[in-house]
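Each remark here refers to the structure printed beneath this line.
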Amino acid sequence: MSTYRVAQVTEPNGTFELAEREIRPPGPGQVRIAVEACGVCHSDALFVGGGLPGVTFPEVPGHEIAGRIEELGEGTRERGWSVGDRVAVGWFGGACGHCPSCRRGDFIVCAALKVPGWAYDGGFGERTTVPVDALARIPDALSAADAGPLACAGVTTFNGLRRGPAEPGDLVAVLGLGGLGHLGVQYAVAMGFETVAIARGAEKADFAKRLGAHHYVDSTASTPVAEALAALGGAKAVLATAGSSEAITATVDGLAPRGELTVIGATPEPLGISPVQLIMSGRVVRGHPSGTARDIEDTMAFSALHGIRPMTETVPVERAGEAYDKMLAGAARFRMVLTTG
């Protein structure tokens with residue numbers, strides 16, 4: 001019997017351990033991927049901690065997957081895929097195809113969205129089997145370690161910006177310079193926005209400028225963030241990547257009239273925004289999910305064209321627990337990536 005290894009937890013917030021899985025042929029509409037790299041996302045904590053309904057143990061997380069197709073299930077070759085194709089899979093791990101959202105073509109908010117690590121084993125291992133509609137083709141210019149994080153952190157920030165109201169030349173702020181924000185700043189600059197990076201501490205100004213930001217706002221300075229944005233003319237859009245409701249709320253009054261706050265930094269705490277803040281200036285607040293397989297392909301193509309790459313630290317899958325703990329501690333600079341090679 002042929003087997004492969006996965007890094008799993010057997011109870012909520014348990015310790016990662018290596019386990020063997022039997023290699024099985026993919027079912028109809030599925031492909032088996034030989035995983036080469038998988039990013040470690042903060043959202044993985046929802047699965048490792050059993051914080052979402054339907055999570056079962058043992059749990060194999062990982063939704064920033066990059067690798068090669070190893071075996072095709074029935075009906076997948078007709079979809080244009082071949083053994084050996086380089087593919088990525090992100091938060092979008094397949095859709096049901098028949099709920100109201102899917103029938104409208106809005107697959108990322110499918111009522112039965114299949115997220116790797118939730119609906120099936122994720123990418124913290126040497127192999128995983130996924131629905132064919134989850135596959136995004138990786139450009140030759142990107143390594144697997146780059147493509148994995150772009151399938152979640154990348155597409156989320158890229159889509160959050162391109163689906164917002166800002167046009168080239170508009171002032172756009174990115175809140176946070178972590179795993180999401182360091183990509184968000186690069187995308188905002190490449191899209192032609194006058195880009196403001198917002199983070200904690202004056203020492204991060206140089207890093208923000210290296211990413212291409214035109215302005216830096218220290219959220220710990222005496223001048224409130226909203227005042228700093230207003231002094232620059234007001235932001236047409238704020239992409240909030242920081243997982244802090246207080247920090248997100250602090251940007252609202254810095255939005256220009258008709259400006260939009262796009263929230264992608266996950267936190268359970270409510271935002272402290274009053275209706276008056278929104279109504280008087282016609283401001284908009286929206287949550288933004290990740291993106292479909294096609295969106296991931298767009299993100300990777302744009303990244304390859306503009307030389308945008310995630311900043312990563314790679315470790316072998318055997319050290320999954322170490323990588324996960326480093327991510328949780330906020331010590332990753334800026335994306336931990338597990339590799340199998």
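Identifiers in the structure tokens: chain A, B, ... in order shown; residue index from 1 per chain; ligand index from 1 in order shown.
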(request) Determine which residues of segment 156-334 of chain A DSSP labels as strand (DSSP E or B) from the backbone of this structure, then write them out as number ranges by chain. (result) A: 171-175, 194-199, 215-218, 235-240, 255-263, 284-287, 312-316
Can you pull out every residue from segment 6-82 of chain A that DSSP, working from the backbone, puts in helix (DSSP H, G or I), and format the result as a short mmCIF file (atom, residue, chain, number, x, y, z; two decimals) with N, CA and C atoms, in the first residue's frame?
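Final output, saved to result_34.cif:
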```cif
data_model
loop_
_atom_site.label_atom_id
_atom_site.label_comp_id
_atom_site.auth_asym_id
_atom_site.auth_seq_id
_atom_site.Cartn_x
_atom_site.Cartn_y
_atom_site.Cartn_z
N ASP A 44 -6.09 29.51 9.35
CA ASP A 44 -5.93 28.10 9.72
C ASP A 44 -6.24 27.87 11.19
N ALA A 45 -6.12 28.91 12.01
CA ALA A 45 -6.43 28.77 13.43
C ALA A 45 -7.90 28.43 13.65
N LEU A 46 -8.77 28.85 12.72
CA LEU A 46 -10.19 28.52 12.85
C LEU A 46 -10.42 27.02 12.75
N PHE A 47 -9.59 26.35 11.96
CA PHE A 47 -9.72 24.92 11.76
C PHE A 47 -8.99 24.15 12.86
N VAL A 48 -7.77 24.56 13.15
CA VAL A 48 -6.98 23.89 14.17
C VAL A 48 -7.68 23.98 15.53
N ARG A 77 -10.17 15.54 -17.31
CA ARG A 77 -9.34 15.78 -18.49
C ARG A 77 -10.10 16.64 -19.50
N GLU A 78 -11.42 16.42 -19.56
CA GLU A 78 -12.24 17.21 -20.48
C GLU A 78 -12.29 18.67 -20.10
N ARG A 79 -11.91 19.00 -18.89
CA ARG A 79 -11.88 20.39 -18.41
C ARG A 79 -10.55 21.06 -18.73
#
```
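Remark: for Phe16 of chain A, the closest of the candidate residues A:Val55, A:Ala37, A:Val132, A:Ala323 is A:Ala323 (distances computed over only C-alpha atoms).
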Each residue of segment 243-340 of chain A lying at most 8 Å from segment 222-230 of chain A should get a row with its shortest atom-to-atom pair and the distance in Å to one decimal, counting only C-alpha atoms; could you produce that, ordered by chain and increasing number, as JSON lines?
```
{"residue": "A:Ala250", "atom": "CA", "partner": "A:Ala226", "partner_atom": "CA", "distance": 6.2}
{"residue": "A:Thr251", "atom": "CA", "partner": "A:Ala226", "partner_atom": "CA", "distance": 5.0}
{"residue": "A:Val252", "atom": "CA", "partner": "A:Ala226", "partner_atom": "CA", "distance": 6.7}
{"residue": "A:Asp253", "atom": "CA", "partner": "A:Ala226", "partner_atom": "CA", "distance": 5.2}
{"residue": "A:Gly254", "atom": "CA", "partner": "A:Ala226", "partner_atom": "CA", "distance": 3.9}
{"residue": "A:Leu255", "atom": "CA", "partner": "A:Ala230", "partner_atom": "CA", "distance": 7.3}
{"residue": "A:Ala256", "atom": "CA", "partner": "A:Ala230", "partner_atom": "CA", "distance": 7.5}
```
(message) I'd like the contact shell of segment 143-160 of chain A - 7 Å cut-off, only C-alpha atoms, skipping same-chain residues fewer than 4 positions apart - returned as a PyMOL selection string.
(response) chain A and resi 36-39+64-67+88-91+138+164+179-180+183-184+187+262+288-291+295-296+299-300+309-310+337
(message) Residues within 12 Å of Ala19 of chain A, please, as a PyMOL selection string. Count only C-alpha atoms; anything in the same chain fewer than 2 positions from it doesn't count.
(response) chain A and resi 3-10+16-17+21-22+58-60+124-126+317-318
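With atom CA of Ile248 of chain A on one side and atom CA of Gly176 of chain A on the other, the separation reads 9.6 Å.
Note that atom CA of Gly29 of chain A and atom CA of Gly75 of chain A are 5.6 Å apart.
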(request) Tell me which protein, DNA and RNA residues are within 9 Å of Glu70 of chain A, counting only C-alpha atoms, leaving out same-chain ones fewer than 6 positions away, and put them as a list in words. (result) Val31, Arg32, Ile33, Ala34, Ser82, Val83, Gly84, Asp85 and Arg127 of chain A
(request) Return the single residue from A:Met191, A:Leu239, A:Ile273, A:Ile69 that is closest to Gln30 of chain A, with distances computed using only C-alpha atoms. (result) A:Ile69
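Pairwise distance (atom CA of Gly259 of chain A, atom CA of Leu175 of chain A) equals 14.9 Å.
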Give me the residues near Ser274 of chain A as a compact mmCIF listing (two decimals) with N, CA, C and O atoms, in the first residue's frame, where near means some atom within 12 Å (using only C-alpha atoms) and where sequence neighbours in that chain fewer than 2 positions away do not count.
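Just written: around_13.txt:
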```txt
# COMPACT_ATOMS: atom_id res chain seq x y z
N THR A 249 -11.57 50.76 12.80
CA THR A 249 -12.50 51.85 13.10
C THR A 249 -11.81 53.21 13.00
O THR A 249 -12.42 54.19 12.55
N ALA A 250 -10.54 53.27 13.39
CA ALA A 250 -9.81 54.54 13.41
C ALA A 250 -9.60 55.14 12.03
O ALA A 250 -9.24 56.32 11.91
N VAL A 252 -12.02 55.31 9.57
CA VAL A 252 -13.27 55.66 8.90
C VAL A 252 -13.37 57.15 8.59
O VAL A 252 -13.74 57.55 7.48
N ASP A 253 -13.04 57.99 9.55
CA ASP A 253 -13.16 59.44 9.32
C ASP A 253 -12.07 59.96 8.39
O ASP A 253 -12.10 61.14 8.03
N PRO A 270 -16.67 43.72 17.38
CA PRO A 270 -17.46 44.62 16.53
C PRO A 270 -16.71 45.91 16.21
O PRO A 270 -15.86 46.37 16.98
N LEU A 271 -17.04 46.49 15.06
CA LEU A 271 -16.47 47.77 14.67
C LEU A 271 -17.25 48.90 15.36
O LEU A 271 -18.48 48.86 15.42
N GLY A 272 -16.54 49.90 15.84
CA GLY A 272 -17.19 51.02 16.51
C GLY A 272 -17.49 52.16 15.56
O GLY A 272 -16.92 53.26 15.68
N VAL A 276 -23.88 57.99 11.63
CA VAL A 276 -23.59 59.35 11.20
C VAL A 276 -22.29 59.42 10.40
O VAL A 276 -22.19 60.15 9.41
N GLN A 277 -21.28 58.65 10.85
CA GLN A 277 -20.01 58.65 10.12
C GLN A 277 -20.18 58.21 8.68
O GLN A 277 -19.44 58.66 7.79
N LEU A 278 -21.14 57.34 8.43
CA LEU A 278 -21.36 56.81 7.08
C LEU A 278 -22.31 57.70 6.29
O LEU A 278 -22.06 58.02 5.12
N ILE A 279 -23.40 58.09 6.92
CA ILE A 279 -24.46 58.78 6.19
C ILE A 279 -24.02 60.14 5.67
O ILE A 279 -24.26 60.49 4.50
N MET A 280 -23.41 60.96 6.54
CA MET A 280 -23.12 62.34 6.17
C MET A 280 -22.19 62.47 4.96
O MET A 280 -22.29 63.43 4.21
N ARG A 283 -20.32 57.28 2.94
CA ARG A 283 -19.26 56.26 2.97
C ARG A 283 -19.83 54.85 2.98
O ARG A 283 -20.97 54.63 3.37
N VAL A 285 -18.97 50.66 3.96
CA VAL A 285 -18.16 49.64 4.64
C VAL A 285 -18.58 48.28 4.10
O VAL A 285 -19.77 47.97 4.06
```
